[in-house]
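Quick look at input-v7.txt (compact mmCIF, C-alpha atoms):
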# COMPACT_ATOMS: atom_id res chain seq x y z
CA MET S 1 0.00 0.00 0.00
CA SER S 2 1.35 3.44 -0.94
CA THR S 3 1.92 6.31 1.47
CA THR S 4 -0.94 8.20 -0.20
CA GLU S 5 -3.31 5.27 0.29
CA ARG S 6 -2.31 4.89 3.95
CA ASP S 7 -2.82 8.60 4.54
CA ALA S 8 -6.30 8.39 3.02
CA LEU S 9 -7.18 5.57 5.42
CA LYS S 10 -5.83 7.54 8.39
CA ARG S 11 -7.92 10.53 7.35
CA LEU S 12 -11.03 8.33 7.06
CA ALA S 13 -10.45 6.93 10.55
CA ALA S 14 -9.70 10.36 12.05
CA ILE S 15 -12.91 11.84 10.67
CA HIS S 16 -14.83 8.90 12.15
CA ALA S 17 -13.19 9.44 15.56
CA VAL S 18 -14.18 13.12 15.61
CA ARG S 19 -17.83 12.02 15.71
CA TYR S 20 -17.27 11.43 19.43
CA VAL S 21 -16.35 15.07 20.08
CA LYS S 22 -19.34 16.81 21.68
CA PRO S 23 -20.16 20.42 22.62
CA GLY S 24 -18.52 21.64 25.81
CA MET S 25 -15.77 19.03 25.78
CA THR S 26 -12.12 19.57 26.56
CA VAL S 27 -10.30 17.61 23.85
CA GLY S 28 -6.67 16.52 23.75
CA LEU S 29 -4.98 16.85 20.38
CA GLY S 30 -2.35 14.24 19.55
CA THR S 31 0.76 14.82 17.48
CA GLY S 32 1.55 13.51 14.00
CA SER S 33 -0.03 13.21 10.58
CA THR S 34 -3.11 11.34 11.84
CA ALA S 35 -3.72 13.96 14.50
CA VAL S 36 -3.58 16.72 11.89
CA HIS S 37 -6.50 15.10 10.08
CA ALA S 38 -8.46 15.02 13.35
CA VAL S 39 -7.62 18.64 14.15
CA ARG S 40 -8.85 19.81 10.78
CA GLU S 41 -12.13 17.90 11.13
CA ILE S 42 -12.66 19.25 14.67
CA ALA S 43 -11.98 22.74 13.34
CA ARG S 44 -14.48 22.24 10.50
CA ARG S 45 -17.19 21.24 12.96
CA HIS S 46 -16.25 24.06 15.35
CA SER S 47 -16.39 26.71 12.62
CA ALA S 48 -19.77 25.33 11.54
CA GLY S 49 -21.11 25.99 15.04
CA GLU S 50 -21.49 22.31 15.96
CA LEU S 51 -19.16 22.41 19.00
CA PRO S 52 -20.04 25.38 21.27
CA GLY S 53 -17.97 25.52 24.44
CA LEU S 54 -15.15 23.41 22.96
CA GLN S 55 -11.67 23.70 24.46
CA THR S 56 -8.58 21.93 23.10
CA PHE S 57 -5.18 21.08 24.55
CA ALA S 58 -2.25 20.32 22.24
CA THR S 59 0.43 17.71 22.92
CA SER S 60 3.16 19.57 21.02
CA SER S 61 4.11 22.99 19.73
CA GLU S 62 3.74 21.58 16.22
CA ILE S 63 0.11 20.57 16.67
CA ALA S 64 -0.63 23.75 18.62
CA ARG S 65 0.41 25.77 15.56
CA VAL S 66 -1.90 23.72 13.34
CA ALA S 67 -4.80 24.08 15.79
CA ALA S 68 -4.28 27.84 16.13
CA ALA S 69 -4.13 28.27 12.35
CA GLU S 70 -7.43 26.35 12.12
CA GLY S 71 -9.06 28.65 14.68
CA LEU S 72 -9.47 26.17 17.53
CA PRO S 73 -9.64 27.50 21.13
CA LEU S 74 -6.46 26.32 22.87
CA ILE S 75 -5.72 25.92 26.57
CA ASP S 76 -2.19 27.05 27.49
CA ALA S 77 0.65 24.75 28.52
CA GLU S 78 -0.46 24.59 32.16
CA GLY S 79 -3.33 22.49 30.86
CA PRO S 80 -6.69 21.41 32.25
CA ARG S 81 -7.01 19.15 35.31
CA THR S 82 -8.92 16.59 33.29
CA ILE S 83 -9.53 16.01 29.59
CA ASP S 84 -12.79 14.54 28.35
CA LEU S 85 -11.50 12.96 25.15
CA THR S 86 -8.17 12.67 23.36
CA ILE S 87 -7.70 11.67 19.72
CA ASP S 88 -4.20 10.54 18.84
CA GLY S 89 -2.32 8.21 16.53
CA ALA S 90 0.11 5.36 17.21
CA ASP S 91 3.15 3.80 15.59
CA GLU S 92 2.21 0.22 16.50
CA VAL S 93 -0.82 -1.46 18.15
CA ASP S 94 -1.00 -4.98 19.58
CA PRO S 95 -4.14 -7.16 19.98
CA HIS S 96 -4.66 -5.85 23.55
CA LEU S 97 -4.66 -2.22 22.28
CA ASN S 98 -1.28 -1.54 23.84
CA LEU S 99 0.78 0.92 21.84
CA ILE S 100 4.17 2.13 20.82
CA LYS S 101 4.07 5.91 20.37
CA GLY S 102 6.59 8.69 20.03
CA GLY S 103 7.57 8.63 16.38
CA GLY S 104 6.59 12.30 16.23
CA GLY S 105 8.79 13.15 19.21
CA ALA S 106 6.01 14.18 21.62
CA LEU S 107 5.79 11.01 23.74
CA LEU S 108 6.19 12.75 27.11
CA HIS S 109 3.42 15.26 26.42
CA GLU S 110 1.25 12.59 24.80
CA LYS S 111 1.57 10.35 27.85
CA ILE S 112 0.74 13.19 30.25
CA VAL S 113 -2.37 13.95 28.21
CA ALA S 114 -3.31 10.26 27.94
CA GLN S 115 -3.08 9.82 31.71
CA ALA S 116 -5.28 12.89 32.26
CA THR S 117 -7.93 11.83 29.76
CA ARG S 118 -11.25 10.10 30.46
CA ARG S 119 -11.48 8.50 27.01
CA GLN S 120 -8.52 7.88 24.74
CA ILE S 121 -9.31 7.23 21.08
CA ILE S 122 -6.42 6.00 18.94
CA VAL S 123 -6.65 6.32 15.16
CA VAL S 124 -4.53 4.24 12.77
CA ASP S 125 -4.51 2.65 9.35
CA GLU S 126 -4.36 -1.14 9.34
CA SER S 127 -0.60 -1.23 8.66
CA LYS S 128 0.01 -0.27 12.32
CA MET S 129 -1.58 -3.47 13.66
CA SER S 130 0.97 -5.92 15.04
CA PRO S 131 0.97 -9.30 16.79
CA CYS S 132 3.57 -8.07 19.30
CA LEU S 133 4.93 -4.61 20.14
CA GLY S 134 8.41 -4.04 18.79
CA THR S 135 7.79 -6.14 15.70
CA LEU S 136 7.14 -3.18 13.43
CA HIS S 137 8.57 -0.16 15.19
CA GLN S 138 11.46 0.97 17.34
CA LEU S 139 10.71 2.06 20.90
CA PRO S 140 11.37 5.77 21.56
CA VAL S 141 12.86 6.60 24.97
CA GLU S 142 13.07 10.26 26.01
CA ILE S 143 16.01 11.18 28.23
CA ILE S 144 17.48 14.33 29.74
CA PRO S 145 20.73 15.39 28.01
CA PHE S 146 22.82 14.99 31.17
CA GLY S 147 24.55 11.63 31.30
CA ARG S 148 23.15 10.44 28.00
CA GLU S 149 25.95 7.91 27.39
CA SER S 150 25.06 6.11 30.62
CA GLN S 151 21.48 5.82 29.34
CA HIS S 152 22.81 4.39 26.10
CA LYS S 153 24.61 1.67 28.10
CA PHE S 154 21.50 1.04 30.24
CA LEU S 155 19.30 0.58 27.17
CA GLN S 156 21.81 -1.84 25.69
CA GLU S 157 21.79 -3.83 28.93
CA LEU S 158 18.02 -4.13 28.63
CA GLY S 159 18.50 -5.78 25.23
CA GLY S 160 17.92 -2.76 23.00
CA ARG S 161 19.99 -1.22 20.25
CA PRO S 162 19.62 2.52 20.91
CA ALA S 163 20.21 5.16 18.25
CA LEU S 164 20.12 8.85 19.10
CA ARG S 165 17.41 10.54 17.03
CA THR S 166 18.70 13.33 14.83
CA ALA S 167 17.01 16.29 13.19
CA VAL S 168 17.44 17.59 9.65
CA GLY S 169 21.12 18.48 9.29
CA GLY S 170 22.33 15.78 11.67
CA ALA S 171 22.09 17.59 15.03
CA PRO S 172 20.33 15.73 17.86
CA PHE S 173 16.55 15.99 17.77
CA VAL S 174 15.34 18.04 20.75
CA THR S 175 11.85 17.66 22.20
CA ASP S 176 9.58 20.50 23.32
CA GLU S 177 10.93 19.93 26.85
CA GLY S 178 14.56 20.18 25.71
CA ASN S 179 15.20 16.45 25.97
CA LEU S 180 16.73 13.87 23.63
CA ILE S 181 15.29 10.63 22.22
CA TYR S 182 16.89 7.25 21.77
CA ASP S 183 15.06 5.07 19.24
CA CYS S 184 15.65 1.54 20.50
CA THR S 185 15.39 -1.62 18.44
CA PHE S 186 14.28 -4.44 20.75
CA GLY S 187 12.53 -6.71 18.28
CA PRO S 188 9.29 -8.30 19.51
CA ILE S 189 8.88 -7.36 23.20
CA ALA S 190 7.76 -10.47 25.06
CA ASN S 191 6.89 -8.64 28.29
CA PRO S 192 6.13 -4.95 27.65
CA GLU S 193 4.95 -4.40 31.25
CA GLU S 194 8.30 -5.54 32.61
CA LEU S 195 10.25 -3.39 30.15
CA ALA S 196 8.04 -0.38 30.92
CA ALA S 197 8.71 -0.80 34.65
CA GLU S 198 12.48 -1.03 34.06
CA LEU S 199 12.47 2.13 31.95
CA SER S 200 10.23 4.07 34.34
CA SER S 201 12.51 3.29 37.29
CA ARG S 202 15.63 4.72 35.63
CA SER S 203 16.73 8.23 36.66
CA GLY S 204 17.18 10.41 33.61
CA VAL S 205 14.59 8.57 31.55
CA VAL S 206 11.63 10.93 31.49
CA ALA S 207 9.29 8.94 29.22
CA HIS S 208 9.11 5.85 27.06
CA GLY S 209 6.88 5.00 24.13
CA LEU S 210 5.08 2.03 25.70
CA PHE S 211 1.47 3.13 26.24
CA LEU S 212 -0.03 0.16 28.07
CA GLY S 213 -3.68 -0.10 29.09
CA MET S 214 -4.41 3.50 28.10
CA THR S 215 -6.47 3.00 24.95
CA ASP S 216 -10.26 2.92 25.28
CA ASP S 217 -11.14 2.91 21.58
CA LEU S 218 -9.18 2.02 18.47
CA ILE S 219 -10.44 3.29 15.11
CA ILE S 220 -8.79 1.50 12.17
CA GLY S 221 -8.97 2.66 8.59
CA THR S 222 -8.99 -0.27 6.16
CA PRO S 223 -9.67 -0.55 2.42
CA GLY S 224 -12.97 -2.22 3.36
CA GLY S 225 -14.04 0.59 5.69
CA ILE S 226 -13.76 1.47 9.38
CA ARG S 227 -13.19 -1.01 12.19
CA HIS S 228 -13.87 0.04 15.79
CA LEU S 229 -12.35 -1.90 18.69
CA GLN S 230 -13.05 -1.14 22.36
CA ARG S 231 -11.25 -2.23 25.51
CA ASP S 232 -13.34 -2.94 28.62
CA GLN S 233 -11.88 -0.79 31.41
CA VAL S 234 -12.64 -3.43 34.07
CA THR S 235 -11.69 -6.71 32.37
CA GLY S 236 -9.26 -5.38 29.76
CA LEU S 237 -10.94 -7.54 27.12
CA VAL S 238 -11.13 -6.14 23.59
CA ARG S 239 -14.25 -6.42 21.46
CA GLU S 240 -15.28 -5.13 18.05
CA VAL S 241 -18.26 -2.79 17.98
CA PRO S 242 -20.27 -1.44 15.05
CA ALA S 243 -18.46 1.43 13.36

Output the file's structure as structure tokens, nothing else.
Amino acid sequence: MSTTERDALKRLAAIHAVRYVKPGMTVGLGTGSTAVHAVREIARRHSAGELPGLQTFATSSEIARVAAAEGLPLIDAEGPRTIDLTIDGADEVDPHLNLIKGGGGALLHEKIVAQATRRQIIVVDESKMSPCLGTLHQLPVEIIPFGRESQHKFLQELGGRPALRTAVGGAPFVTDEGNLIYDCTFGPIANPEELAAELSSRSGVVAHGLFLGMTDDLIIGTPGGIRHLQRDQVTGLVREVPA
């Protein structure tokens, strides 16, 4: 499938997800190409008068610029105490709706928003579906610049092959919080909960791209139409619901 075809499926899924945005909501805006489609559809509905009282909160300076250009009302960086609904993308999704995120470089902000949100809707095209996290995508790990070589060694000891992310021109990529990112090749991750705990316990690691148990709804764009999966918040079981 071509990049253009995948983008069309992401746009289809994002537009479907925006149906769940209601008047008066505070909505988290994810980062990345899928999120841009959602932002533009939210802005279309807002400008048409369908979403009075809407407030939005961006997960990155990049998406904040898009939202502002589209005329959406933005909450500043201090943020709301709670968020009603967040629409975001993912780099990889397993059968339990666990995710790898952070390809766009906003994993710390995205995780803060996800943890503050009542309902997290993830939007992907079907190419992001995976039998096991780490099969399709590297795992981003955000670190503070101080002592970065010790973090490189730590990530290697965990079984990863870390590569410092670079920006255009070859300089290190710097996040909105002034941090760096190691993109780590682990291969299929047999126990993502264990790896997440190891990463979270390490001083200097400020965020990792394992988003476990945070997804309520997954909207998948496929050539045959939309698929909608939901995770039960009590049992953790995933079921398909009518799209």

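Near S:Cys132, within 9 Å and counting all atoms listed in the file, sit Glu92, Val93, Asp94, Pro95, Met129, Thr135, Leu136, Pro188, Ile189 and Ala190 of chain S; same-chain residues fewer than 3 positions away were not included.
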
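The space between atom CA of S:Gly213 and atom CA of S:Arg19 spans 22.9 Å.
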
- [ ] Identify, on the basis of all atoms listed in the file, every residue whose closest approach to stretch 65-74 of chain S does not exceed 9 Å; exclude the query and any residue fewer than 4 positions from it along the same chain; express the result as a ChimeraX atom specification.
- [x] /S:29,36,39-40,42-44,46-47,54-58,60-61

Those selected residues, please, written with C-alpha atoms and delivered as a JSON list (two decimals), in the frame of the given file.
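Here's the written file result_32.json:
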[["chain", "number", "residue", "atom", "x", "y", "z"],
["S", 29, "LEU", "CA", -4.98, 16.85, 20.38],
["S", 36, "VAL", "CA", -3.58, 16.72, 11.89],
["S", 39, "VAL", "CA", -7.62, 18.64, 14.15],
["S", 40, "ARG", "CA", -8.85, 19.81, 10.78],
["S", 42, "ILE", "CA", -12.66, 19.25, 14.67],
["S", 43, "ALA", "CA", -11.98, 22.74, 13.34],
["S", 44, "ARG", "CA", -14.48, 22.24, 10.50],
["S", 46, "HIS", "CA", -16.25, 24.06, 15.35],
["S", 47, "SER", "CA", -16.39, 26.71, 12.62],
["S", 54, "LEU", "CA", -15.15, 23.41, 22.96],
["S", 55, "GLN", "CA", -11.67, 23.70, 24.46],
["S", 56, "THR", "CA", -8.58, 21.93, 23.10],
["S", 57, "PHE", "CA", -5.18, 21.08, 24.55],
["S", 58, "ALA", "CA", -2.25, 20.32, 22.24],
["S", 60, "SER", "CA", 3.16, 19.57, 21.02],
["S", 61, "SER", "CA", 4.11, 22.99, 19.73]]

Open item on the list: Under the rule that all atoms listed in the file are counted, which of S:Ala207, S:Val113, S:Ile219, S:Leu99 is the nearest residue to S:Tyr20?
Closed with: S:Ile219

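Atom CA of S:Gln120 to atom CA of S:Ala8 spans 21.8 Å [interatomic distance, one decimal].
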
Write out, as CSV, each residue of stretch 59-155 of chain S that has an atom at most 10 Å from stretch 228-240 of chain S, together with the closest pair of atoms and their distance in Å to one decimal, counting only C-alpha atoms, rows going by chain and rising number.
residue,atom,partner,partner_atom,distance
S:Pro95,CA,S:Val238,CA,7.9
S:His96,CA,S:Val238,CA,6.5
S:Leu97,CA,S:Arg231,CA,7.3
S:Ile121,CA,S:Gln230,CA,9.3
S:Ile122,CA,S:Leu229,CA,9.9
S:Val123,CA,S:His228,CA,9.6

For the selection you just gave me, I'd like the residues written to a file as a short mmCIF file (atom, residue, chain, number, x, y, z; two decimals), in the frame of the given file, keeping C-alpha atoms.
data_model
loop_
_atom_site.label_atom_id
_atom_site.label_comp_id
_atom_site.auth_asym_id
_atom_site.auth_seq_id
_atom_site.Cartn_x
_atom_site.Cartn_y
_atom_site.Cartn_z
CA PRO S 95 -4.14 -7.16 19.98
CA HIS S 96 -4.66 -5.85 23.55
CA LEU S 97 -4.66 -2.22 22.28
CA ILE S 121 -9.31 7.23 21.08
CA ILE S 122 -6.42 6.00 18.94
CA VAL S 123 -6.65 6.32 15.16
#

May I have the protein, DNA and RNA residues with any atom at most 12 Å from the point (15.0, 8.4, 17.7), counting all atoms listed in the file, written as a compact mmCIF listing (two decimals) with C-alpha atoms, in the coordinates of the input?
# COMPACT_ATOMS: atom_id res chain seq x y z
CA LYS S 101 4.07 5.91 20.37
CA GLY S 102 6.59 8.69 20.03
CA GLY S 103 7.57 8.63 16.38
CA GLY S 104 6.59 12.30 16.23
CA GLY S 105 8.79 13.15 19.21
CA ALA S 106 6.01 14.18 21.62
CA LEU S 107 5.79 11.01 23.74
CA HIS S 137 8.57 -0.16 15.19
CA GLN S 138 11.46 0.97 17.34
CA LEU S 139 10.71 2.06 20.90
CA PRO S 140 11.37 5.77 21.56
CA VAL S 141 12.86 6.60 24.97
CA GLU S 142 13.07 10.26 26.01
CA ILE S 143 16.01 11.18 28.23
CA ARG S 161 19.99 -1.22 20.25
CA PRO S 162 19.62 2.52 20.91
CA ALA S 163 20.21 5.16 18.25
CA LEU S 164 20.12 8.85 19.10
CA ARG S 165 17.41 10.54 17.03
CA THR S 166 18.70 13.33 14.83
CA ALA S 167 17.01 16.29 13.19
CA ALA S 171 22.09 17.59 15.03
CA PRO S 172 20.33 15.73 17.86
CA PHE S 173 16.55 15.99 17.77
CA VAL S 174 15.34 18.04 20.75
CA THR S 175 11.85 17.66 22.20
CA ASN S 179 15.20 16.45 25.97
CA LEU S 180 16.73 13.87 23.63
CA ILE S 181 15.29 10.63 22.22
CA TYR S 182 16.89 7.25 21.77
CA ASP S 183 15.06 5.07 19.24
CA CYS S 184 15.65 1.54 20.50
CA THR S 185 15.39 -1.62 18.44
CA HIS S 208 9.11 5.85 27.06
CA GLY S 209 6.88 5.00 24.13

Reconstruct stretch 128-153 of chain S at the level of N, CA, C and O atoms, and format the result as an mmCIF file, in the frame of the given file.
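Once written, selection.cif looks like this:
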data_model
loop_
_atom_site.group_PDB
_atom_site.id
_atom_site.type_symbol
_atom_site.label_atom_id
_atom_site.label_comp_id
_atom_site.auth_asym_id
_atom_site.auth_seq_id
_atom_site.Cartn_x
_atom_site.Cartn_y
_atom_site.Cartn_z
ATOM 1 N N LYS S 128 -0.574 -0.428 10.982
ATOM 2 C CA LYS S 128 0.010 -0.270 12.320
ATOM 3 C C LYS S 128 -0.344 -1.424 13.261
ATOM 4 O O LYS S 128 0.157 -1.476 14.381
ATOM 5 N N MET S 129 -1.192 -2.337 12.823
ATOM 6 C CA MET S 129 -1.580 -3.470 13.660
ATOM 7 C C MET S 129 -0.471 -4.517 13.675
ATOM 8 O O MET S 129 0.093 -4.844 12.631
ATOM 9 N N SER S 130 -0.180 -5.047 14.869
ATOM 10 C CA SER S 130 0.970 -5.920 15.040
ATOM 11 C C SER S 130 0.644 -7.046 16.025
ATOM 12 O O SER S 130 -0.105 -6.828 16.988
ATOM 13 N N PRO S 131 1.208 -8.222 15.830
ATOM 14 C CA PRO S 131 0.970 -9.300 16.790
ATOM 15 C C PRO S 131 1.694 -9.092 18.114
ATOM 16 O O PRO S 131 1.298 -9.640 19.143
ATOM 17 N N CYS S 132 2.760 -8.277 18.104
ATOM 18 C CA CYS S 132 3.570 -8.070 19.300
ATOM 19 C C CYS S 132 4.315 -6.752 19.170
ATOM 20 O O CYS S 132 4.958 -6.501 18.147
ATOM 21 N N LEU S 133 4.242 -5.903 20.194
ATOM 22 C CA LEU S 133 4.930 -4.610 20.140
ATOM 23 C C LEU S 133 6.428 -4.816 19.930
ATOM 24 O O LEU S 133 7.035 -5.728 20.485
ATOM 25 N N GLY S 134 7.004 -3.940 19.127
ATOM 26 C CA GLY S 134 8.410 -4.040 18.790
ATOM 27 C C GLY S 134 8.678 -4.777 17.507
ATOM 28 O O GLY S 134 9.805 -4.769 16.997
ATOM 29 N N THR S 135 7.645 -5.413 16.963
ATOM 30 C CA THR S 135 7.790 -6.140 15.700
ATOM 31 C C THR S 135 7.952 -5.194 14.522
ATOM 32 O O THR S 135 8.746 -5.433 13.607
ATOM 33 N N LEU S 136 7.192 -4.100 14.561
ATOM 34 C CA LEU S 136 7.140 -3.180 13.430
ATOM 35 C C LEU S 136 7.900 -1.885 13.661
ATOM 36 O O LEU S 136 8.276 -1.215 12.694
ATOM 37 N N HIS S 137 8.095 -1.516 14.914
ATOM 38 C CA HIS S 137 8.570 -0.160 15.190
ATOM 39 C C HIS S 137 9.573 -0.156 16.336
ATOM 40 O O HIS S 137 9.463 -0.940 17.284
ATOM 41 N N GLN S 138 10.538 0.746 16.233
ATOM 42 C CA GLN S 138 11.460 0.970 17.340
ATOM 43 C C GLN S 138 10.719 1.620 18.517
ATOM 44 O O GLN S 138 9.669 2.234 18.342
ATOM 45 N N LEU S 139 11.297 1.474 19.699
ATOM 46 C CA LEU S 139 10.710 2.060 20.900
ATOM 47 C C LEU S 139 11.431 3.359 21.240
ATOM 48 O O LEU S 139 12.618 3.348 21.582
ATOM 49 N N PRO S 140 10.748 4.513 21.162
ATOM 50 C CA PRO S 140 11.370 5.770 21.560
ATOM 51 C C PRO S 140 11.486 5.863 23.094
ATOM 52 O O PRO S 140 10.567 5.480 23.820
ATOM 53 N N VAL S 141 12.634 6.368 23.542
ATOM 54 C CA VAL S 141 12.860 6.600 24.970
ATOM 55 C C VAL S 141 13.398 8.028 25.108
ATOM 56 O O VAL S 141 14.449 8.357 24.539
ATOM 57 N N GLU S 142 12.678 8.854 25.839
ATOM 58 C CA GLU S 142 13.070 10.260 26.010
ATOM 59 C C GLU S 142 13.919 10.394 27.265
ATOM 60 O O GLU S 142 13.540 9.932 28.348
ATOM 61 N N ILE S 143 15.073 11.038 27.122
ATOM 62 C CA ILE S 143 16.010 11.180 28.230
ATOM 63 C C ILE S 143 16.423 12.643 28.386
ATOM 64 O O ILE S 143 16.363 13.419 27.431
ATOM 65 N N ILE S 144 16.869 13.005 29.594
ATOM 66 C CA ILE S 144 17.480 14.330 29.740
ATOM 67 C C ILE S 144 18.877 14.275 29.119
ATOM 68 O O ILE S 144 19.490 13.201 29.032
ATOM 69 N N PRO S 145 19.410 15.413 28.651
ATOM 70 C CA PRO S 145 20.730 15.390 28.010
ATOM 71 C C PRO S 145 21.860 14.970 28.945
ATOM 72 O O PRO S 145 22.824 14.337 28.505
ATOM 73 N N PHE S 146 21.744 15.288 30.219
ATOM 74 C CA PHE S 146 22.820 14.990 31.170
ATOM 75 C C PHE S 146 23.018 13.472 31.288
ATOM 76 O O PHE S 146 22.072 12.727 31.528
ATOM 77 N N GLY S 147 24.237 13.035 31.117
ATOM 78 C CA GLY S 147 24.550 11.630 31.300
ATOM 79 C C GLY S 147 23.996 10.709 30.232
ATOM 80 O O GLY S 147 23.745 9.532 30.494
ATOM 81 N N ARG S 148 23.859 11.219 29.022
ATOM 82 C CA ARG S 148 23.150 10.440 28.000
ATOM 83 C C ARG S 148 23.882 9.145 27.635
ATOM 84 O O ARG S 148 23.249 8.155 27.289
ATOM 85 N N GLU S 149 25.222 9.131 27.735
ATOM 86 C CA GLU S 149 25.950 7.910 27.390
ATOM 87 C C GLU S 149 25.671 6.790 28.388
ATOM 88 O O GLU S 149 25.662 5.613 28.026
ATOM 89 N N SER S 150 25.407 7.150 29.644
ATOM 90 C CA SER S 150 25.060 6.110 30.620
ATOM 91 C C SER S 150 23.692 5.518 30.300
ATOM 92 O O SER S 150 23.454 4.323 30.535
ATOM 93 N N GLN S 151 22.798 6.339 29.748
ATOM 94 C CA GLN S 151 21.480 5.820 29.340
ATOM 95 C C GLN S 151 21.620 4.898 28.136
ATOM 96 O O GLN S 151 20.908 3.894 28.021
ATOM 97 N N HIS S 152 22.547 5.246 27.250
ATOM 98 C CA HIS S 152 22.810 4.390 26.100
ATOM 99 C C HIS S 152 23.231 2.996 26.578
ATOM 100 O O HIS S 152 22.711 1.967 26.102
ATOM 101 N N LYS S 153 24.139 2.938 27.555
ATOM 102 C CA LYS S 153 24.610 1.670 28.100
ATOM 103 C C LYS S 153 23.456 0.919 28.786
ATOM 104 O O LYS S 153 23.302 -0.293 28.621
#
